[in-house]
Amino acid sequence: MDDEASQPIRVYLLDDHEVVRRGIKELLEEHGDIVVVGESDSAREAVSRIPALRPDVAILDGRLPDGSGVEVCRDVRSIDPAIKGLILTSYDDDAALFAAIMAGASGYLLKQVHGTDLVDGVRRVARGQSLLDPAMTDRVLDRIRHGVQEDDELHDLTPQERRILELVGEGLSNRDVARRMFLSEKTVKNYVSSVLSKLGVSSRTQAAVLAARLTAG
Amino acid sequence: MEDDPGGHGRTGGQDLSQAAFDDLLREVLARVDGVLDEQARLRHLLDAVVGVAADLSLDGVLDRILSAARALAGAQYAALGVLSPGPQRHIRTFVHQGMDERTVADVGDLPTGHGLLGLLIEDPRPLRLAHLSEHPASYGFPAHHPPMSSFLGVPVRIRERVFGNLYLTEKIDGTEFTEHDEAVVVALAAAAGVAIENAQLYQEAAHRQAWLTATAEITSMLADDTSTQSALQVVADRARSVSGADVAWLVLGSDPADLRLEVASGAPADMDDMHHLSMERSLASTVVRTGRPEVVMDVSSDPRAVDPSSIPGWPVLGPVMVLPLRSGQGVEGVLSLAWTKENAAGFHRVDAALPASFAEQATLALQVARSRDDRQRLALYEDRDRIGRDLHDTTIQQLFAVGLGLQGTFNACSEPQVRDRIERAIMDLDDTVKDIRRTIFALGVLDTSHDIQSEVERVVDRAGATMKLRPVFRVDGPLRSAVGAELAPDLLAVLSEALTNVSRHAHASTVAVRIAVDVDELALTVSDDGIGMDPVHLESGLANMRSRARRLGGDMVVDSRAGAGTCVTWTVPLAAPRHDPTAG
């Protein structure tokens with residue numbers, strides 16, 4: 001960190017709550033080694049601005065009114081893999097962990113003041129470390145691969161979706177997944193969106209599950 | 001009366017002038033007698049016809065016909081053999097009068113239409129014999145059969161069709177039946193035909209009415225807030241009572257290979273006992289496949305059927321009628337009606353078309369109820385989702401923002417006392433956020449969810465209900481990702497054992513359950529503010545939990561002091577996922 005003292009870590013903030021952005025910004029900038037170079041409250045704006053600003057770390061709210069931080073992260077990293085993503089979420093660890101893996105992010109931060117050290121997290125990610133524990137990631141990927149019996153959510157996936165999920169879990173970008181599976185990038189993007197909504201990364205919605213069953217029946 | 005020149009009741013005026021007055025008087029008296037006698041018989045016949053027609057139940061009508069026939073012809077015994085419909089004209093039902101129960105039991109099987117009885121079936125014309133055993137068609141009597149000599153057989157017709165035959169035997173005065181008797185019985189038989197047809201029509205109308213009433217009842221019940229399961233039970237109950245069957249049951253499923261016996265009426269419906277029945281090869285499966293009703297006369301011996309009498313508490317069944325539950329989407333299951341062998345007559349009385357249309361109506365009603373249930377559930381889920389979303393998108397964000405603000409103040413503040421208070425406030429906020437997260441999770445849990453966190457929630461909730469308090473429950477870290485099928489049973493067993501201990505011995509007013517998932521370790525902490533545990537209790541009660549921990553390479557620590565509550569911490573290492581190619 002000593003070497004980086006002269007060159008502060010550049011951070012982009014995406015969260016639809018202004019108070020949250022302000023609070024995080026204050027915390028991050030307090031020590032002087034981190035600067036927030038841009039912020040926005042919508043996914044659409046973030047996708048266009050982040051690659052242009054080229055921050056070291058993008059802190060992305062998992063759920064946004066016009067999309068999800070997970071998809072923003074995938075889009076941005078497809079363009080510029082050097083930008084590290086951190087998913088900020090109000091959901092619990094399981095959902096957050098899964099979201100981070102899906103996003104190809106370097107980690108997740110729960111929306112709680114203690115227990116997640118925001119500053120330390122950003123520093124570590126900027127240094128190229130991952131906050132995701134490999135063993136834990138493995139467990140999640142394992143669940144996807146074997147489609148654990150008792151897991152209602154993973155049960156609803158088609159084999160194609162499962163395969164895509166697996167590649168995504170291995171850290172492949174949409175473009176790489178598309179190449180591997182002989183699909184267009186757009187198709188992969190759509191698949192990822194549908195998987196995300198099925199797994200309720202943005203919402204564990206059983207209404208959606210039931211609604212799907214009703215229309216299928 | 002045989003010498004009655006008046007013959008068949010004709011009482012016209014004859015020339016009496018040539019007779020001597022005495023003779024005349026005698027003659028008149030005799031004639032009056034005869035006329036009176038004749039009139040009495042006509043009156044009897046008339047009474048009988050009226051009486052027979054007055055009963056609207058078929059059984060009652062048949063019984064009255066027999067009584068009237070015996071009285072009118074002066075017969076010891078009377079019987080009516082009802083023929084089965086269709087080309088094989090044998091006796092389907094045999095009702096009789098004149099024998100006491102003992103004799104009936106001794107004689108045993110009822111006749112089916114051989115010998116003389118058969119002759120009348122072949123050639124439906126009145127047959128009158130002085131000695132029935134001398135007739136070439138006579139077949140003889142079974143053992144213990146009372147002696148019968150004189151015989152009068154008359155067909156009973158409904159319109160042109162022979163319904164059955166009326167048999168009279170043993171003229172009471174020991175002589176034979178007269179031409180006169182025959183004429184009276186033929187007249188009675190004609191009236192009987194009409195009465196029987198009437199009764200049949202009435203019975204049919206009553207049956208139709210009963211099925212319609214049952215259908216309407218189910219439709220209206222399902223329009224109310226009745227659960228689908230209890231509606232199914234009512235369908236089975238009504239079908240059984242209206243059909244007069246001994247047992248009725250519903251088998252549901254649209255896949256012939258995956259059917260389940262859902263409810264039963266008239267026999268215990270303990271689903272555990274029914275799982276062993278292999279429905280794939282059952283009659284139900286055939287009906288679901290073909291969509292056509294099936295009837296077997298003896299389910300216990302028919303190779304196409306699974307015999308349900310192997311279910312504990314079920315009677316041995318004979319005839320079974322299996323009707324499809326048909327809907328717009330195909331066949332959704334079957335309604336089965338079954339009669340015991342003793343009660344097989346009840347089966348013959350049921351026209352399969354009626355329960356079949358009942359089954360169809362019931363299916364529609366059930367479908368409506370089911371989709372209403374689904375819609376209600378959908379509305380509930382959507383509501384819960386909305387609440388969850390609001391909590392997530394608004395409440396947590398705001399609390400988090402406030403927490404961040406406090407953290408900023410904390411960092412800027414140098415006053416130790418204020419810093420402490422800010423620190424505590426931040427921790428409270430974080431705790432609240434965790435509680436809300438738990439609520440959001442619980443709102444999204446399907447009743448059928450089997451992931452480890454839902455299971456843990458259920459164990460905690462149940463224990464809370466038993467102790468009449470709400471345990472604090474917190475999960476830190478990715479529990480669902482970390483705990484696989486190999487660890488889940490141990491975790492759940494230990495958790496419920498720990499909570500049971502608290503509930504039995506601690507007298508606690510607050511209980512906290514915390515599961516912390518770290519990268520390589522899972523720690524379960526169950527703490528209470530109860531009376532603490534004495535060391536003896538402690539070891540015996542917790543030995544099992546400890547041994548589970550040890551087996552998994554972990555350990556358990558108990559901290560308990562009298563009056564200061566108990567805290568049990570159960571720790572196990574988290575193994576890296578096994579890459580077992582056979583898993584899944």
# chains A, B, ... in the order shown; residues from 1 in each chain; ligands from 1
call {"tool": "residues_around", "arguments": {"residues": "region 182-196 of chain A", "least_positions_apart": "4", "cutoff": "9 Å", "atoms": "only C-alpha atoms", "output": "list of chain:residue names"}}
result
A:Val70, A:Glu71, A:Arg74, A:Asp75, A:Ala99, A:Met102, A:Leu157, A:Gln160, A:Glu161, A:Arg162, A:Ile164, A:Leu165, A:Val168, A:Asn174, A:Arg175, A:Asp176, A:Val177, A:Ala178, A:Gly200, A:Val201, A:Ser202
call {"tool": "write_last_selection", "arguments": {"atoms": "C-alpha atoms", "output": "PDB file, in the first residue's frame"}}
result
ATOM      1  CA  VAL A  70     -24.521  -8.535 -11.494  1.00  0.00           C
ATOM      2  CA  GLU A  71     -25.313  -7.810 -15.114  1.00  0.00           C
ATOM      3  CA  ARG A  74     -20.577  -8.808 -16.455  1.00  0.00           C
ATOM      4  CA  ASP A  75     -21.065  -6.150 -19.116  1.00  0.00           C
ATOM      5  CA  ALA A  99     -24.393 -13.086  -7.133  1.00  0.00           C
ATOM      6  CA  MET A 102     -22.292 -14.921 -11.332  1.00  0.00           C
ATOM      7  CA  LEU A 157     -32.833 -24.922 -14.445  1.00  0.00           C
ATOM      8  CA  GLN A 160     -28.428 -25.574 -21.060  1.00  0.00           C
ATOM      9  CA  GLU A 161     -28.823 -22.989 -18.302  1.00  0.00           C
ATOM     10  CA  ARG A 162     -26.890 -25.196 -15.929  1.00  0.00           C
ATOM     11  CA  ILE A 164     -23.930 -21.717 -18.877  1.00  0.00           C
ATOM     12  CA  LEU A 165     -24.056 -21.186 -15.155  1.00  0.00           C
ATOM     13  CA  VAL A 168     -20.009 -18.312 -15.693  1.00  0.00           C
ATOM     14  CA  ASN A 174     -20.257 -13.582 -21.753  1.00  0.00           C
ATOM     15  CA  ARG A 175     -18.113 -13.488 -24.855  1.00  0.00           C
ATOM     16  CA  ASP A 176     -16.097 -16.541 -23.761  1.00  0.00           C
ATOM     17  CA  VAL A 177     -19.213 -18.455 -22.817  1.00  0.00           C
ATOM     18  CA  ALA A 178     -20.734 -17.604 -26.187  1.00  0.00           C
ATOM     19  CA  GLY A 200     -33.916 -15.081  -7.442  1.00  0.00           C
ATOM     20  CA  VAL A 201     -30.556 -13.442  -6.999  1.00  0.00           C
ATOM     21  CA  SER A 202     -32.494 -10.252  -7.159  1.00  0.00           C
TER      22      SER A 202
END
call {"tool": "select_by_dssp", "arguments": {"residues": "region 26-136 of chain A", "states": "strand (DSSP E or B)", "output": "ChimeraX atom specification"}}
result
/A:34-40,57-61,63-64,67-68,84-89,107-110
call {"tool": "write_last_selection", "arguments": {"atoms": "N, CA and C atoms", "output": "tab-separated table (two decimals), in the first residue's frame"}}
result
chain	number	residue	atom	x	y	z
A	34	ILE	N	-8.13	6.23	-1.10
A	34	ILE	CA	-9.20	5.83	-2.03
A	34	ILE	C	-9.95	7.07	-2.48
A	35	VAL	N	-10.24	7.17	-3.77
A	35	VAL	CA	-11.10	8.25	-4.23
A	35	VAL	C	-12.26	7.69	-5.04
A	36	VAL	N	-13.40	8.30	-4.85
A	36	VAL	CA	-14.56	7.89	-5.65
A	36	VAL	C	-14.57	8.78	-6.89
A	37	VAL	N	-14.38	8.12	-8.04
A	37	VAL	CA	-14.24	8.91	-9.26
A	37	VAL	C	-15.54	9.09	-10.01
A	38	GLY	N	-16.53	8.34	-9.60
A	38	GLY	CA	-17.82	8.51	-10.28
A	38	GLY	C	-18.89	7.73	-9.54
A	39	GLU	N	-20.11	8.14	-9.73
A	39	GLU	CA	-21.20	7.40	-9.11
A	39	GLU	C	-22.45	7.57	-9.93
A	40	SER	N	-23.36	6.59	-9.79
A	40	SER	CA	-24.64	6.71	-10.49
A	40	SER	C	-25.70	5.88	-9.76
A	57	VAL	N	-11.82	-0.23	-9.01
A	57	VAL	CA	-12.86	-1.05	-8.40
A	57	VAL	C	-14.23	-0.42	-8.63
A	58	ALA	N	-15.21	-1.26	-9.04
A	58	ALA	CA	-16.59	-0.77	-9.15
A	58	ALA	C	-17.42	-1.45	-8.07
A	59	ILE	N	-17.99	-0.62	-7.19
A	59	ILE	CA	-18.88	-1.17	-6.16
A	59	ILE	C	-20.30	-1.07	-6.69
A	60	LEU	N	-20.92	-2.24	-6.87
A	60	LEU	CA	-22.20	-2.27	-7.57
A	60	LEU	C	-23.30	-2.86	-6.70
A	61	ASP	N	-24.34	-2.07	-6.56
A	61	ASP	CA	-25.51	-2.56	-5.81
A	61	ASP	C	-26.09	-3.75	-6.57
A	63	ARG	N	-29.01	-4.95	-6.63
A	63	ARG	CA	-30.34	-4.77	-7.21
A	63	ARG	C	-30.62	-3.31	-7.46
A	64	LEU	N	-31.04	-3.07	-8.67
A	64	LEU	CA	-31.30	-1.69	-9.07
A	64	LEU	C	-32.65	-1.61	-9.75
A	67	GLY	N	-32.20	-2.79	-13.36
A	67	GLY	CA	-31.35	-3.94	-13.69
A	67	GLY	C	-30.67	-4.48	-12.45
A	68	SER	N	-29.55	-5.16	-12.67
A	68	SER	CA	-28.85	-5.67	-11.50
A	68	SER	C	-27.36	-5.40	-11.64
A	84	LYS	N	-12.17	-4.30	-11.53
A	84	LYS	CA	-12.65	-5.30	-10.54
A	84	LYS	C	-14.03	-4.90	-10.03
A	85	GLY	N	-14.83	-5.91	-9.82
A	85	GLY	CA	-16.17	-5.63	-9.32
A	85	GLY	C	-16.36	-6.09	-7.87
A	86	LEU	N	-17.14	-5.33	-7.15
A	86	LEU	CA	-17.56	-5.73	-5.80
A	86	LEU	C	-19.07	-5.58	-5.74
A	87	ILE	N	-19.75	-6.65	-5.40
A	87	ILE	CA	-21.20	-6.57	-5.35
A	87	ILE	C	-21.65	-6.19	-3.94
A	88	LEU	N	-22.45	-5.16	-3.89
A	88	LEU	CA	-22.97	-4.68	-2.61
A	88	LEU	C	-24.42	-5.15	-2.51
A	89	THR	N	-24.74	-5.82	-1.44
A	89	THR	CA	-26.09	-6.41	-1.42
A	89	THR	C	-26.76	-6.37	-0.06
A	107	GLY	N	-15.67	-10.06	-5.19
A	107	GLY	CA	-16.18	-10.27	-3.84
A	107	GLY	C	-17.53	-9.61	-3.68
A	108	TYR	N	-18.06	-9.75	-2.50
A	108	TYR	CA	-19.32	-9.08	-2.20
A	108	TYR	C	-19.22	-8.38	-0.86
A	109	LEU	N	-20.04	-7.38	-0.69
A	109	LEU	CA	-20.11	-6.67	0.58
A	109	LEU	C	-21.56	-6.64	1.01
A	110	LEU	N	-21.81	-7.12	2.22
A	110	LEU	CA	-23.18	-7.07	2.72
A	110	LEU	C	-23.46	-5.65	3.23
call {"tool": "atom_distance", "arguments": {"atom1": "CA of Ser282 (chain B)", "atom2": "CA of Arg304 (chain B)"}}
result
6.4 Å
call {"tool": "residues_around", "arguments": {"residues": "Val368 (chain B)", "least_positions_apart": "5", "cutoff": "9 Å", "atoms": "only C-alpha atoms", "output": "tab-separated table (two decimals) with C-alpha atoms, in the first residue's frame"}}
result
chain	number	residue	atom	x	y	z
B	222	LEU	CA	-66.00	-26.15	-3.73
B	223	ALA	CA	-67.30	-22.71	-4.50
B	363	THR	CA	-63.33	-33.24	-11.74
B	373	ASP	CA	-56.34	-22.25	-4.49
call {"tool": "residues_around", "arguments": {"residues": "region 114-123 of chain A", "least_positions_apart": "6", "cutoff": "8 Å", "atoms": "only C-alpha atoms", "output": "VMD selection string"}}
result
(chain A and resid 9 27 to 28 57 131) or (chain B and resid 426 to 427 430)
call {"tool": "write_last_selection", "arguments": {"atoms": "C-alpha atoms", "output": "mmCIF file, in the first residue's frame"}}
result
data_model
loop_
_atom_site.group_PDB
_atom_site.id
_atom_site.type_symbol
_atom_site.label_atom_id
_atom_site.label_comp_id
_atom_site.auth_asym_id
_atom_site.auth_seq_id
_atom_site.Cartn_x
_atom_site.Cartn_y
_atom_site.Cartn_z
ATOM 1 C CA ILE A 9 -7.384 3.653 -5.620
ATOM 2 C CA LEU A 27 -16.001 6.037 4.635
ATOM 3 C CA LEU A 28 -13.808 5.239 1.662
ATOM 4 C CA VAL A 57 -12.859 -1.052 -8.400
ATOM 5 C CA LEU A 131 -12.508 -11.779 -1.392
ATOM 6 C CA ILE B 426 -24.205 0.764 14.906
ATOM 7 C CA MET B 427 -24.225 -2.782 16.252
ATOM 8 C CA ASP B 430 -26.590 -4.162 12.047
#
call {"tool": "decode", "arguments": {"residues": "region 210-241 of chain B", "atoms": "C-alpha atoms", "output": "mmCIF file, in the first residue's frame"}}
result
data_model
loop_
_atom_site.group_PDB
_atom_site.id
_atom_site.type_symbol
_atom_site.label_atom_id
_atom_site.label_comp_id
_atom_site.auth_asym_id
_atom_site.auth_seq_id
_atom_site.Cartn_x
_atom_site.Cartn_y
_atom_site.Cartn_z
ATOM 1 C CA ALA B 210 -79.280 -38.426 -6.053
ATOM 2 C CA TRP B 211 -76.229 -38.181 -8.310
ATOM 3 C CA LEU B 212 -77.276 -34.735 -9.457
ATOM 4 C CA THR B 213 -77.757 -33.624 -5.863
ATOM 5 C CA ALA B 214 -74.346 -34.996 -4.962
ATOM 6 C CA THR B 215 -72.785 -33.194 -7.911
ATOM 7 C CA ALA B 216 -74.482 -29.946 -7.010
ATOM 8 C CA GLU B 217 -73.411 -30.341 -3.413
ATOM 9 C CA ILE B 218 -69.788 -30.777 -4.376
ATOM 10 C CA THR B 219 -69.879 -27.897 -6.821
ATOM 11 C CA SER B 220 -71.360 -25.560 -4.246
ATOM 12 C CA MET B 221 -69.013 -26.788 -1.532
ATOM 13 C CA LEU B 222 -66.000 -26.152 -3.726
ATOM 14 C CA ALA B 223 -67.300 -22.710 -4.504
ATOM 15 C CA ASP B 224 -66.881 -22.003 -0.794
ATOM 16 C CA ASP B 225 -63.569 -22.030 0.951
ATOM 17 C CA THR B 226 -63.120 -25.740 1.188
ATOM 18 C CA SER B 227 -59.667 -27.149 0.839
ATOM 19 C CA THR B 228 -59.120 -29.408 -2.116
ATOM 20 C CA GLN B 229 -58.230 -32.314 0.136
ATOM 21 C CA SER B 230 -61.466 -32.238 2.096
ATOM 22 C CA ALA B 231 -63.340 -31.778 -1.173
ATOM 23 C CA LEU B 232 -61.770 -34.968 -2.447
ATOM 24 C CA GLN B 233 -62.976 -36.751 0.650
ATOM 25 C CA VAL B 234 -66.499 -35.484 0.060
ATOM 26 C CA VAL B 235 -66.392 -36.675 -3.540
ATOM 27 C CA ALA B 236 -65.482 -40.164 -2.346
ATOM 28 C CA ASP B 237 -68.062 -40.107 0.459
ATOM 29 C CA ARG B 238 -70.912 -38.978 -1.763
ATOM 30 C CA ALA B 239 -70.039 -41.371 -4.546
ATOM 31 C CA ARG B 240 -70.084 -44.213 -2.056
ATOM 32 C CA SER B 241 -73.354 -43.303 -0.386
#
